[in-house]
file upload_28.cif (mmCIF, C-alpha atoms)
data_target
loop_
_atom_site.label_atom_id
_atom_site.label_comp_id
_atom_site.auth_asym_id
_atom_site.auth_seq_id
_atom_site.Cartn_x
_atom_site.Cartn_y
_atom_site.Cartn_z
CA MET I 1 -3.13 -53.22 10.10
CA VAL I 2 -2.29 -51.94 13.55
CA LEU I 3 1.05 -50.59 12.31
CA GLY I 4 -0.73 -48.89 9.42
CA LEU I 5 -3.20 -47.23 11.78
CA VAL I 6 -0.36 -46.01 14.00
CA PHE I 7 1.42 -44.58 10.95
CA LEU I 8 -1.71 -42.73 9.86
CA LEU I 9 -2.18 -41.28 13.33
CA GLN I 10 1.44 -40.16 13.47
CA THR I 11 1.16 -38.56 10.04
CA ALA I 12 -1.99 -36.70 11.03
CA SER I 13 -0.41 -35.45 14.24
CA ALA I 14 2.67 -34.23 12.34
CA ALA I 15 0.64 -32.32 9.75
CA PRO I 16 0.87 -28.52 10.12
CA ALA I 17 -2.10 -26.80 11.72
CA ARG I 18 -4.53 -25.18 9.33
CA PRO I 19 -4.05 -21.37 9.25
CA SER I 20 -6.68 -19.62 11.35
CA PHE I 21 -7.42 -16.30 12.99
CA ASP I 22 -6.04 -17.19 16.40
CA ALA I 23 -3.17 -16.56 18.77
CA ALA I 24 -1.15 -19.41 17.29
CA SER I 25 -1.09 -17.59 13.94
CA PHE I 26 -0.30 -14.08 15.16
CA ASP I 27 1.33 -14.15 18.61
CA PRO I 28 4.76 -15.46 17.52
CA LEU I 29 4.99 -12.78 14.82
CA VAL I 30 4.09 -9.77 16.97
CA LEU I 31 6.01 -11.01 19.99
CA ASP I 32 9.12 -11.52 17.86
CA GLY I 33 9.20 -7.79 17.10
CA MET I 34 9.07 -7.08 20.83
CA ARG I 35 11.75 -9.68 21.55
CA GLN I 36 14.03 -7.99 19.02
CA GLY I 37 13.48 -4.63 20.71
CA ALA I 38 11.56 -2.86 17.94
CA TYR I 39 8.60 -1.79 20.11
CA PRO I 40 7.46 -2.26 23.72
CA GLY I 41 3.85 -3.04 22.85
CA ALA I 42 1.40 -3.50 20.01
CA ALA I 43 -2.30 -3.75 19.24
CA LEU I 44 -3.47 -6.02 16.44
CA VAL I 45 -6.96 -6.21 14.96
CA VAL I 46 -7.89 -8.37 11.96
CA GLY I 47 -11.38 -8.52 10.52
CA ARG I 48 -13.95 -8.21 7.79
CA ARG I 49 -16.51 -5.55 6.94
CA ASP I 50 -18.99 -6.83 9.50
CA THR I 51 -16.90 -8.69 12.08
CA VAL I 52 -13.65 -8.66 14.04
CA LEU I 53 -11.85 -11.97 13.62
CA PHE I 54 -8.94 -11.35 15.98
CA ALA I 55 -8.07 -8.54 18.41
CA LYS I 56 -5.29 -8.55 20.97
CA GLY I 57 -2.95 -6.26 22.85
CA TYR I 58 0.69 -7.19 23.40
CA GLY I 59 3.20 -5.86 25.89
CA HIS I 60 3.00 -2.49 27.60
CA LEU I 61 3.03 1.22 26.79
CA THR I 62 6.72 1.39 27.72
CA TRP I 63 9.49 -1.15 28.27
CA SER I 64 8.59 -1.25 31.95
CA ALA I 65 6.45 -4.25 32.91
CA THR I 66 4.76 -2.01 35.47
CA SER I 67 3.41 0.37 32.80
CA ARG I 68 -0.10 -0.05 31.49
CA ALA I 69 -0.74 -3.11 29.33
CA VAL I 70 -1.78 -2.50 25.73
CA ASP I 71 -5.48 -2.95 25.01
CA PRO I 72 -6.82 -2.65 21.43
CA GLU I 73 -10.02 -0.96 22.61
CA SER I 74 -8.55 1.62 24.99
CA THR I 75 -4.85 2.21 24.17
CA MET I 76 -4.44 5.26 21.94
CA TYR I 77 -1.59 5.65 19.47
CA ASP I 78 -0.08 8.57 17.60
CA LEU I 79 -1.18 7.45 14.13
CA ALA I 80 1.40 9.61 12.32
CA SER I 81 0.80 9.30 8.56
CA LEU I 82 -2.36 7.22 8.98
CA THR I 83 -3.78 10.72 9.54
CA LYS I 84 -3.53 11.12 5.77
CA VAL I 85 -6.03 8.32 5.08
CA ILE I 86 -8.28 8.45 8.17
CA ALA I 87 -8.77 12.23 8.35
CA THR I 88 -7.46 14.10 5.30
CA THR I 89 -8.49 11.70 2.53
CA PRO I 90 -12.07 11.07 3.73
CA ALA I 91 -12.50 14.85 4.18
CA LEU I 92 -11.49 15.28 0.53
CA MET I 93 -13.78 12.42 -0.50
CA LEU I 94 -16.72 14.22 1.06
CA LEU I 95 -15.79 17.54 -0.53
CA VAL I 96 -15.31 15.98 -3.97
CA GLU I 97 -18.63 14.20 -3.69
CA ARG I 98 -20.34 17.45 -2.69
CA GLY I 99 -18.79 19.28 -5.63
CA ARG I 100 -16.75 21.64 -3.47
CA VAL I 101 -13.35 20.31 -4.60
CA ARG I 102 -12.47 19.15 -8.10
CA LEU I 103 -9.66 16.63 -8.35
CA ASP I 104 -8.18 18.11 -11.52
CA ALA I 105 -8.50 21.76 -10.53
CA PRO I 106 -5.23 23.58 -9.84
CA VAL I 107 -4.64 23.73 -6.10
CA ALA I 108 -4.28 27.51 -6.47
CA THR I 109 -8.06 27.51 -7.01
CA TYR I 110 -8.39 26.82 -3.30
CA LEU I 111 -5.12 28.32 -2.03
CA PRO I 112 -4.80 31.64 -3.90
CA GLU I 113 -1.39 32.33 -2.30
CA LEU I 114 -0.03 29.81 -4.80
CA ARG I 115 -1.06 31.83 -7.84
CA GLY I 116 1.96 32.80 -9.91
CA THR I 117 4.21 30.25 -8.18
CA PRO I 118 5.69 27.05 -9.68
CA THR I 119 3.17 25.03 -7.62
CA ALA I 120 0.12 26.91 -8.90
CA ARG I 121 -0.94 24.33 -11.48
CA VAL I 122 -0.39 21.27 -9.33
CA THR I 123 -3.80 19.60 -8.94
CA ALA I 124 -5.59 18.10 -5.97
CA ARG I 125 -5.29 14.71 -7.68
CA GLN I 126 -1.50 15.09 -7.89
CA LEU I 127 -1.32 16.01 -4.21
CA LEU I 128 -3.36 12.92 -3.31
CA THR I 129 -1.24 10.59 -5.44
CA HIS I 130 2.06 12.16 -4.36
CA THR I 131 2.86 13.05 -7.96
CA SER I 132 3.07 16.82 -7.34
CA GLY I 133 6.86 16.81 -7.63
CA LEU I 134 7.24 18.34 -4.16
CA ARG I 135 10.02 16.93 -2.00
CA ALA I 136 9.37 14.80 1.05
CA ASP I 137 9.28 17.56 3.68
CA ILE I 138 10.92 20.70 4.97
CA PRO I 139 14.37 19.83 6.36
CA ASP I 140 14.42 19.65 10.17
CA ARG I 141 17.01 22.41 10.48
CA GLU I 142 14.80 24.81 8.54
CA LEU I 143 11.67 23.70 10.34
CA LYS I 144 13.17 24.31 13.77
CA ALA I 145 14.07 27.86 12.77
CA LEU I 146 10.47 28.74 11.86
CA PRO I 147 8.86 30.64 14.76
CA ASP I 148 5.22 29.63 14.46
CA SER I 149 2.52 27.83 12.44
CA ALA I 150 1.99 30.78 10.10
CA ALA I 151 5.68 30.73 9.20
CA VAL I 152 5.52 26.99 8.58
CA MET I 153 2.59 27.40 6.19
CA ARG I 154 4.35 30.22 4.35
CA ARG I 155 7.37 27.96 3.95
CA VAL I 156 5.25 25.06 2.66
CA LEU I 157 3.45 27.34 0.21
CA SER I 158 6.78 28.64 -1.12
CA GLU I 159 8.21 25.19 -1.85
CA PRO I 160 8.47 24.53 -5.63
CA PRO I 161 8.18 21.10 -7.28
CA ARG I 162 11.56 19.38 -7.60
CA VAL I 163 10.47 17.35 -10.65
CA ALA I 164 7.74 17.94 -13.22
CA PRO I 165 4.30 17.24 -11.68
CA GLY I 166 2.75 13.98 -12.84
CA THR I 167 6.02 12.30 -13.81
CA ARG I 168 6.90 10.25 -10.71
CA VAL I 169 5.81 9.38 -7.17
CA ILE I 170 7.62 11.25 -4.42
CA TYR I 171 5.95 10.53 -1.10
CA SER I 172 5.67 13.92 0.55
CA ASP I 173 4.21 15.31 3.76
CA LEU I 174 3.93 18.66 1.96
CA ASN I 175 1.18 17.23 -0.26
CA ALA I 176 -0.93 16.31 2.74
CA ILE I 177 -0.26 19.59 4.54
CA LEU I 178 -1.54 21.45 1.47
CA LEU I 179 -4.61 19.17 1.29
CA GLY I 180 -5.36 19.91 4.94
CA ALA I 181 -5.16 23.60 4.09
CA VAL I 182 -7.56 23.05 1.18
CA VAL I 183 -10.11 21.49 3.54
CA HIS I 184 -9.75 24.47 5.88
CA ARG I 185 -10.19 27.05 3.11
CA VAL I 186 -13.13 25.32 1.41
CA THR I 187 -15.10 24.58 4.57
CA GLY I 188 -14.02 27.51 6.71
CA GLU I 189 -13.17 25.03 9.46
CA PRO I 190 -9.85 23.52 10.55
CA LEU I 191 -9.31 19.91 9.49
CA ASP I 192 -9.80 18.57 13.02
CA VAL I 193 -13.20 20.24 13.42
CA PHE I 194 -14.48 19.16 10.00
CA ALA I 195 -13.21 15.58 10.32
CA ALA I 196 -14.59 15.16 13.84
CA ARG I 197 -18.10 16.19 12.81
CA GLU I 198 -18.28 14.78 9.29
CA VAL I 199 -16.23 11.57 9.60
CA PHE I 200 -15.45 10.44 13.14
CA ALA I 201 -18.85 11.15 14.74
CA PRO I 202 -20.95 9.34 12.08
CA LEU I 203 -18.62 6.33 12.30
CA GLY I 204 -18.72 6.26 16.09
CA LEU I 205 -14.97 6.79 16.40
CA ALA I 206 -15.08 8.19 19.93
CA ALA I 207 -11.37 7.55 20.57
CA THR I 208 -10.11 9.20 17.35
CA MET I 209 -9.02 12.82 17.65
CA PHE I 210 -6.37 15.46 17.15
CA ARG I 211 -4.81 17.03 20.25
CA PRO I 212 -6.11 14.56 22.86
CA PRO I 213 -6.80 16.18 26.24
CA GLY I 214 -4.44 15.65 29.14
CA ARG I 215 -6.87 13.36 30.97
CA LEU I 216 -6.34 10.73 28.24
CA ARG I 217 -2.55 10.68 28.43
CA PRO I 218 -2.34 7.67 30.80
CA ARG I 219 -3.82 5.50 28.01
CA ILE I 220 -1.69 6.92 25.14
CA ALA I 221 1.39 5.00 24.00
CA PRO I 222 4.36 7.37 24.26
CA THR I 223 6.49 8.09 21.20
CA GLY I 224 9.41 9.89 22.78
CA VAL I 225 11.38 10.67 25.91
CA TRP I 226 11.94 14.09 27.46
CA ARG I 227 14.40 14.41 30.34
CA GLY I 228 14.00 10.74 31.11
CA HIS I 229 10.21 10.74 31.07
CA PRO I 230 7.92 9.22 28.38
CA VAL I 231 6.15 11.75 26.15
CA ALA I 232 2.56 10.81 25.28
CA GLY I 233 -0.28 12.70 23.65
CA VAL I 234 1.96 15.19 21.82
CA VAL I 235 2.27 14.60 18.08
CA ASN I 236 5.67 13.17 17.20
CA ASP I 237 5.86 14.71 13.71
CA GLY I 238 7.83 17.96 13.58
CA SER I 239 5.70 19.72 10.96
CA ALA I 240 2.41 18.76 12.62
CA PHE I 241 3.81 19.87 16.00
CA LYS I 242 4.76 23.27 14.58
CA LEU I 243 1.24 23.46 13.07
CA ARG I 244 -0.14 23.17 16.63
CA GLY I 245 -1.00 19.50 16.41
CA VAL I 246 -3.44 19.66 13.49
CA SER I 247 -2.12 18.95 10.01
CA GLY I 248 -3.10 17.00 6.94
CA ASN I 249 -0.01 14.80 7.26
CA ALA I 250 -0.05 13.84 10.97
CA GLY I 251 -1.56 14.62 14.36
CA LEU I 252 -4.35 12.07 14.69
CA PHE I 253 -4.55 9.75 17.70
CA ALA I 254 -6.77 6.65 17.87
CA THR I 255 -7.19 3.14 19.23
CA ALA I 256 -6.69 0.03 17.13
CA MET I 257 -10.39 -0.77 17.38
CA ASP I 258 -11.31 2.67 16.05
CA VAL I 259 -8.94 2.20 13.12
CA ALA I 260 -10.59 -1.19 12.57
CA ARG I 261 -14.03 0.46 12.51
CA PHE I 262 -12.75 2.85 9.87
CA ALA I 263 -11.39 -0.09 7.84
CA GLN I 264 -14.80 -1.77 8.03
CA PHE I 265 -16.39 1.43 6.74
CA MET I 266 -14.03 1.33 3.76
CA LEU I 267 -14.81 -2.34 3.11
CA ARG I 268 -18.52 -1.48 3.21
CA ALA I 269 -17.72 1.02 0.42
CA GLY I 270 -18.84 4.08 2.36
CA ALA I 271 -21.79 2.66 4.29
CA LEU I 272 -22.31 3.17 8.02
CA PRO I 273 -23.01 0.15 10.26
CA ASP I 274 -26.76 0.80 10.04
CA GLY I 275 -26.68 0.82 6.23
CA ARG I 276 -26.95 4.57 5.72
CA ARG I 277 -24.34 6.02 3.36
CA LEU I 278 -21.71 8.52 4.37
CA LEU I 279 -20.03 8.20 0.96
CA GLU I 280 -21.22 6.81 -2.33
CA ARG I 281 -19.78 3.49 -3.44
CA GLU I 282 -18.34 5.09 -6.58
CA THR I 283 -16.44 7.68 -4.53
CA VAL I 284 -14.77 4.95 -2.49
CA ARG I 285 -13.93 3.03 -5.66
CA LEU I 286 -12.43 6.16 -7.23
CA PHE I 287 -10.19 6.92 -4.27
CA THR I 288 -9.00 3.35 -3.65
CA THR I 289 -8.22 2.38 -7.25
CA LYS I 290 -4.55 2.43 -8.21
CA THR I 291 -3.93 5.64 -10.14
CA ALA I 292 -0.19 6.22 -10.23
CA ASP I 293 2.26 3.42 -11.05
CA PHE I 294 5.50 4.31 -12.82
CA GLY I 295 7.06 0.86 -12.43
CA ARG I 296 10.83 0.51 -12.09
CA GLY I 297 10.49 -0.49 -8.45
CA SER I 298 8.58 2.64 -7.41
CA GLU I 299 5.57 2.58 -5.14
CA ALA I 300 2.07 2.73 -6.61
CA ARG I 301 -0.53 5.12 -5.29
CA ALA I 302 -4.29 5.46 -5.17
CA LEU I 303 -5.89 8.76 -4.10
CA GLY I 304 -4.47 9.31 -0.62
CA TRP I 305 -3.73 5.61 -0.20
CA GLN I 306 -0.68 3.51 -0.95
CA ALA I 307 -1.37 0.76 -3.48
CA LEU I 308 0.50 -2.34 -4.62
CA PRO I 309 3.33 -2.72 -5.33
CA THR I 310 4.71 -0.69 -2.42
CA GLY I 311 8.17 -0.43 -3.96
CA GLU I 312 9.79 -1.95 -0.87
CA ASN I 313 12.11 -4.96 -0.79
CA VAL I 314 10.05 -6.13 2.20
CA SER I 315 6.49 -4.88 1.75
CA SER I 316 4.40 -3.79 4.73
CA ALA I 317 1.49 -5.52 2.94
CA GLY I 318 3.30 -8.84 2.80
CA THR I 319 3.35 -11.01 -0.31
CA LEU I 320 -0.19 -12.37 -0.46
CA PHE I 321 -2.57 -9.40 -0.36
CA GLY I 322 -4.46 -9.01 -3.64
CA PRO I 323 -3.66 -6.52 -6.41
CA ARG I 324 -6.55 -4.20 -5.48
CA SER I 325 -5.34 -3.86 -1.88
CA TYR I 326 -4.66 -0.44 -0.41
CA GLY I 327 -3.23 0.79 2.86
CA HIS I 328 -0.85 3.11 4.66
CA THR I 329 1.81 3.18 7.34
CA GLY I 330 2.95 5.71 9.91
CA TRP I 331 6.46 6.62 11.08
CA THR I 332 5.62 6.07 14.74
CA GLY I 333 4.93 2.39 14.02
CA THR I 334 1.35 2.23 12.77
CA SER I 335 -0.17 0.48 9.75
CA LEU I 336 -3.45 -0.40 8.07
CA TRP I 337 -3.91 -2.64 5.04
CA ILE I 338 -7.20 -3.54 3.34
CA ASP I 339 -7.79 -6.30 0.79
CA PRO I 340 -11.27 -5.70 -0.71
CA ASP I 341 -11.24 -8.96 -2.69
CA ARG I 342 -10.78 -10.99 0.49
CA ASP I 343 -13.01 -8.64 2.54
CA LEU I 344 -10.08 -8.43 4.94
CA PHE I 345 -8.25 -5.76 6.92
CA VAL I 346 -5.20 -5.79 9.21
CA VAL I 347 -4.52 -3.05 11.75
CA LEU I 348 -1.19 -3.17 13.59
CA LEU I 349 -0.38 -0.24 15.87
CA THR I 350 2.94 0.00 17.72
CA ASN I 351 4.99 2.80 19.25
CA ARG I 352 8.30 1.79 17.70
CA ALA I 353 9.36 5.46 17.92
CA TYR I 354 9.54 5.14 21.71
CA ALA I 355 13.08 4.34 22.92
CA PRO I 356 13.62 1.32 20.66
CA ARG I 357 16.14 -1.22 21.91
CA ALA I 358 16.92 -2.47 18.42
CA ARG I 359 19.42 -0.76 16.11
CA ARG I 360 17.03 -0.92 13.16
CA PRO I 361 13.50 -0.98 14.63
CA PHE I 362 11.82 0.18 11.43
CA THR I 363 13.35 -2.68 9.43
CA ILE I 364 12.20 -5.18 12.04
CA LEU I 365 8.70 -3.70 12.12
CA LYS I 366 8.37 -3.85 8.32
CA GLY I 367 9.08 -7.54 8.46
CA VAL I 368 6.52 -8.06 11.23
CA ARG I 369 3.88 -6.14 9.27
CA GLY I 370 4.42 -8.25 6.17
CA ARG I 371 4.36 -11.55 8.04
CA VAL I 372 1.19 -10.59 9.93
CA ALA I 373 -0.51 -9.62 6.66
CA ASP I 374 0.51 -12.92 5.08
CA ALA I 375 -0.77 -14.86 8.11
CA ALA I 376 -4.11 -13.07 7.84
CA ALA I 377 -4.33 -13.78 4.10
CA ARG I 378 -3.54 -17.47 4.62
CA ALA I 379 -6.16 -17.74 7.36
CA SER I 380 -8.70 -16.05 5.10
CA ASP I 381 -7.93 -18.45 2.26
CA ALA I 382 -8.01 -21.60 4.40
CA PRO I 383 -10.84 -24.01 3.49
#

call {"tool": "encode", "arguments": {"input": "upload_28.cif", "output": "structure tokens"}}
result
Amino acid sequence: MVLGLVFLLQTASAAPARPSFDAASFDPLVLDGMRQGAYPGAALVVGRRDTVLFAKGYGHLTWSATSRAVDPESTMYDLASLTKVIATTPALMLLVERGRVRLDAPVATYLPELRGTPTARVTARQLLTHTSGLRADIPDRELKALPDSAAVMRRVLSEPPRVAPGTRVIYSDLNAILLGAVVHRVTGEPLDVFAAREVFAPLGLAATMFRPPGRLRPRIAPTGVWRGHPVAGVVNDGSAFKLRGVSGNAGLFATAMDVARFAQFMLRAGALPDGRRLLERETVRLFTTKTADFGRGSEARALGWQALPTGENVSSAGTLFGPRSYGHTGWTGTSLWIDPDRDLFVVLLTNRAYAPRARRPFTILKGVRGRVADAAARASDAP
């Protein structure tokens, strides 16, 4: 009997720990990306619509241990393409709901310069789902030769679709730049002004902004190096930089906790923390439902958002997030994924664009993103 009791105790002690929202679940995954040299620091927030289940900063703003430590509440990141879903897409959601933009109207309705061009009949819906046929972006060599923001916009407006609109997904910054221009034309205000008043202020996103002032630079994770010095607070994206830091495709800076607050707003289907509605539930459902999926290993898209499958060999959403999940990633090292069926979100912000020590930092980061998402899903499903 004694031997049997000892065996039972040994078996219990050898059993794997139940998945949970704690450091044991997430620290090894995030720290492994740092150990491999993909990024010097990271901020992770995991939660539900009404609570934060885990929040932690890892590492520092640069590779120097004397630089400021990452904090999910105060460290600001260049969100890169998360701008598309945290600024541009909610601005369009508001304008669609108010009847000022129609999803299936030709974009030339709002940007008359496109009339008579091959892009004239591309719709707002096709821009949002990346099915416009436009290529990914303006080549860097061409972009560098353009003298100012007006020249950049003229070049974007002159770009024709490379394939027939509506026939395949081609993820393109040009789509989002045009959508940002639509917001400007319809409202009479630049995207940053409209989004700050209509989206960020109601949600209490005090640390979410385009063109952060110089006084905030000490708390911004740098994304580049200039003459040996870290560059922080200047948008990393070339097109957004040429557009003076405000563009539909990039330019937004925020903390991980602010991105988490936005994710909670999405999980509440458009409701503010006090219960008042910024968006109707049906509008959120419309924009987050998978709309474009051409199979054959391509990525699926909702309106503005990436959907599942992502079309990647190693998905940034992992392998366990549900089929109605939606999210987005950013080139600088940022990501947000939301699983509405689990009432679960994962925010992982890094500055992998800053002087990576790894040869393939993006590949390493994709693996970290997927493993973190899977760990969160397992913890959510644990009895």

call {"tool": "residues_around", "arguments": {"input": "upload_28.cif", "residues": "Ala206 of chain I", "least_positions_apart": "6", "cutoff": "10 Å", "atoms": "only C-alpha atoms", "output": "list in words"}}
result
Ala196, Phe200, Ala254, Thr255 and Asp258 of chain I

call {"tool": "closest_atom_pairs", "arguments": {"input": "upload_28.cif", "of": "segment 223-298 of chain I", "to": "segment 45-53 of chain I", "cutoff": "12 Å", "atoms": "all atoms listed in the file", "output": "Markdown table"}}
result
| residue | atom | partner | partner_atom | distance |
| --- | --- | --- | --- | --- |
| I:Thr255 | CA | I:Val45 | CA | 10.3 |
| I:Ala256 | CA | I:Val45 | CA | 6.6 |
| I:Met257 | CA | I:Val45 | CA | 6.9 |
| I:Asp258 | CA | I:Val45 | CA | 9.9 |
| I:Val259 | CA | I:Val45 | CA | 8.8 |
| I:Ala260 | CA | I:Val45 | CA | 6.6 |
| I:Arg261 | CA | I:Arg49 | CA | 8.6 |
| I:Phe262 | CA | I:Arg49 | CA | 9.7 |
| I:Ala263 | CA | I:Arg49 | CA | 7.5 |
| I:Gln264 | CA | I:Arg49 | CA | 4.3 |
| I:Phe265 | CA | I:Arg49 | CA | 7.0 |
| I:Met266 | CA | I:Arg49 | CA | 8.0 |
| I:Leu267 | CA | I:Arg49 | CA | 5.3 |
| I:Arg268 | CA | I:Arg49 | CA | 5.9 |
| I:Ala269 | CA | I:Arg49 | CA | 9.3 |
| I:Gly270 | CA | I:Arg49 | CA | 10.9 |
| I:Ala271 | CA | I:Arg49 | CA | 10.1 |
| I:Leu272 | CA | I:Arg49 | CA | 10.5 |
| I:Pro273 | CA | I:Asp50 | CA | 8.1 |
| I:Asp274 | CA | I:Asp50 | CA | 10.9 |
| I:Gly275 | CA | I:Asp50 | CA | 11.3 |

call {"tool": "residues_around", "arguments": {"input": "upload_28.cif", "residues": "Leu114 of chain I", "least_positions_apart": "5", "cutoff": "8 Å", "atoms": "all atoms listed in the file", "output": "list in words"}}
result
Val107, Ala108, Thr119, Ala120, Leu157 and Ser158 of chain I

call {"tool": "resolve_selection", "arguments": {"input": "upload_28.cif", "expression": "the PyMOL selection byres ((chain I and resi 105) around 10)", "output": "ChimeraX atom specification"}}
result
/I:101-104,106-110,121-125

call {"tool": "write_last_selection", "arguments": {"input": "upload_28.cif", "atoms": "C-alpha atoms", "output": "compact mmCIF listing (two decimals), keeping the file's coordinate frame"}}
result
# COMPACT_ATOMS: atom_id res chain seq x y z
CA VAL I 101 -13.35 20.31 -4.60
CA ARG I 102 -12.47 19.15 -8.10
CA LEU I 103 -9.66 16.63 -8.35
CA ASP I 104 -8.18 18.11 -11.52
CA PRO I 106 -5.23 23.58 -9.84
CA VAL I 107 -4.64 23.73 -6.10
CA ALA I 108 -4.28 27.51 -6.47
CA THR I 109 -8.06 27.51 -7.01
CA TYR I 110 -8.39 26.82 -3.30
CA ARG I 121 -0.94 24.33 -11.48
CA VAL I 122 -0.39 21.27 -9.33
CA THR I 123 -3.80 19.60 -8.94
CA ALA I 124 -5.59 18.10 -5.97
CA ARG I 125 -5.29 14.71 -7.68

call {"tool": "resolve_selection", "arguments": {"input": "upload_28.cif", "expression": "the PyMOL selection byres ((chain I and resi 251) around 9)", "output": "list in words"}}
result
Asp78, Leu79, Ala80, Ser81, Thr83, Met209, Phe210, Arg211, Val234, Val235, Asn236, Asp237, Ala240, Phe241, Arg244, Gly245, Val246, Ser247, Gly248, Asn249, Ala250, Leu252 and Phe253 of chain I

call {"tool": "write_last_selection", "arguments": {"input": "upload_28.cif", "atoms": "C-alpha atoms", "output": "PDB file, in the frame of the given file"}}
result
ATOM      1  CA  ASP I  78      -0.080   8.570  17.600  1.00  0.00           C
ATOM      2  CA  LEU I  79      -1.180   7.450  14.130  1.00  0.00           C
ATOM      3  CA  ALA I  80       1.400   9.610  12.320  1.00  0.00           C
ATOM      4  CA  SER I  81       0.800   9.300   8.560  1.00  0.00           C
ATOM      5  CA  THR I  83      -3.780  10.720   9.540  1.00  0.00           C
ATOM      6  CA  MET I 209      -9.020  12.820  17.650  1.00  0.00           C
ATOM      7  CA  PHE I 210      -6.370  15.460  17.150  1.00  0.00           C
ATOM      8  CA  ARG I 211      -4.810  17.030  20.250  1.00  0.00           C
ATOM      9  CA  VAL I 234       1.960  15.190  21.820  1.00  0.00           C
ATOM     10  CA  VAL I 235       2.270  14.600  18.080  1.00  0.00           C
ATOM     11  CA  ASN I 236       5.670  13.170  17.200  1.00  0.00           C
ATOM     12  CA  ASP I 237       5.860  14.710  13.710  1.00  0.00           C
ATOM     13  CA  ALA I 240       2.410  18.760  12.620  1.00  0.00           C
ATOM     14  CA  PHE I 241       3.810  19.870  16.000  1.00  0.00           C
ATOM     15  CA  ARG I 244      -0.140  23.170  16.630  1.00  0.00           C
ATOM     16  CA  GLY I 245      -1.000  19.500  16.410  1.00  0.00           C
ATOM     17  CA  VAL I 246      -3.440  19.660  13.490  1.00  0.00           C
ATOM     18  CA  SER I 247      -2.120  18.950  10.010  1.00  0.00           C
ATOM     19  CA  GLY I 248      -3.100  17.000   6.940  1.00  0.00           C
ATOM     20  CA  ASN I 249      -0.010  14.800   7.260  1.00  0.00           C
ATOM     21  CA  ALA I 250      -0.050  13.840  10.970  1.00  0.00           C
ATOM     22  CA  LEU I 252      -4.350  12.070  14.690  1.00  0.00           C
ATOM     23  CA  PHE I 253      -4.550   9.750  17.700  1.00  0.00           C
TER      24      PHE I 253
END

call {"tool": "residues_near_point", "arguments": {"input": "upload_28.cif", "point": "(5.3, 5.3, 8.5)", "cutoff": "9 Å", "atoms": "all atoms listed in the file", "output": "number ranges by chain"}}
result
I: 79-82, 328-335, 362

call {"tool": "resolve_selection", "arguments": {"input": "upload_28.cif", "expression": "the PyMOL selection byres ((chain I and resi 177-183) around 8)", "output": "ChimeraX atom specification"}}
result
/I:88,91-92,107,110-111,124,127-128,156-157,173-176,184-191,247-249

call {"tool": "residues_around", "arguments": {"input": "upload_28.cif", "residues": "segment 300-313 of chain I", "least_positions_apart": "2", "cutoff": "7 Å", "atoms": "all atoms listed in the file", "output": "list in words"}}
result
Lys84, Val85, Thr89, Arg125, Leu128, Thr129, Phe287, Thr288, Thr289, Lys290, Thr291, Ala292, Asp293, Gly297, Ser298, Ser315, Pro323, Ser325, Tyr326, Gly327 and His328 of chain I

call {"tool": "atom_distance", "arguments": {"input": "upload_28.cif", "atom1": "atom CA of Gly37 of chain I", "atom2": "atom CA of Ser64 of chain I"}}
result
12.7 Å

call {"tool": "atom_distance", "arguments": {"input": "upload_28.cif", "atom1": "atom CA of Val368 of chain I", "atom2": "atom CA of Pro72 of chain I"}}
result
17.6 Å

call {"tool": "residues_around", "arguments": {"input": "upload_28.cif", "residues": "Pro383 of chain I", "least_positions_apart": "3", "cutoff": "10 Å", "atoms": "only C-alpha atoms", "output": "list in words"}}
result
Arg18, Pro19, Ser20, Arg378, Ala379 and Ser380 of chain I

call {"tool": "closest_residue", "arguments": {"input": "upload_28.cif", "among": "I:Tyr354, I:Gly295, I:Thr117, I:Asp374", "to": "Asp339 of chain I", "atoms": "all atoms listed in the file"}}
result
I:Asp374

call {"tool": "closest_residue", "arguments": {"input": "upload_28.cif", "among": "I:Val30, I:Ala42, I:Trp63, I:Ser316", "to": "Arg357 of chain I", "atoms": "all atoms listed in the file"}}
result
I:Trp63

call {"tool": "residues_near_point", "arguments": {"input": "upload_28.cif", "point": "(2.3, 10.5, -3.5)", "cutoff": "6 Å", "atoms": "all atoms listed in the file", "output": "list in words"}}
result
Thr129, His130, Thr131, Val169, Ile170 and Tyr171 of chain I

call {"tool": "closest_residue", "arguments": {"input": "upload_28.cif", "among": "I:Glu198, I:Val347, I:Arg369, I:Arg360", "to": "Pro90 of chain I", "atoms": "only C-alpha atoms"}}
result
I:Glu198

call {"tool": "decode", "arguments": {"input": "upload_28.cif", "residues": "segment 79-84 of chain I", "atoms": "N, CA and C atoms", "output": "mmCIF file, in the first residue's frame"}}
result
data_model
loop_
_atom_site.group_PDB
_atom_site.id
_atom_site.type_symbol
_atom_site.label_atom_id
_atom_site.label_comp_id
_atom_site.auth_asym_id
_atom_site.auth_seq_id
_atom_site.Cartn_x
_atom_site.Cartn_y
_atom_site.Cartn_z
ATOM 1 N N LEU I 79 3.300 50.789 -34.772
ATOM 2 C CA LEU I 79 2.399 49.670 -35.046
ATOM 3 C C LEU I 79 2.453 49.190 -36.487
ATOM 4 N N ALA I 80 3.057 49.971 -37.378
ATOM 5 C CA ALA I 80 3.141 49.583 -38.790
ATOM 6 C C ALA I 80 1.733 49.271 -39.326
ATOM 7 N N SER I 81 1.538 48.076 -39.887
ATOM 8 C CA SER I 81 0.261 47.779 -40.545
ATOM 9 C C SER I 81 -0.900 47.535 -39.589
ATOM 10 N N LEU I 82 -0.664 47.482 -38.284
ATOM 11 C CA LEU I 82 -1.814 47.489 -37.369
ATOM 12 C C LEU I 82 -2.588 48.794 -37.493
ATOM 13 N N THR I 83 -1.938 49.820 -38.070
ATOM 14 C CA THR I 83 -2.637 51.071 -38.388
ATOM 15 C C THR I 83 -3.885 50.799 -39.222
ATOM 16 N N LYS I 84 -3.779 49.826 -40.123
ATOM 17 C CA LYS I 84 -4.897 49.521 -41.014
ATOM 18 C C LYS I 84 -6.153 49.118 -40.258
#
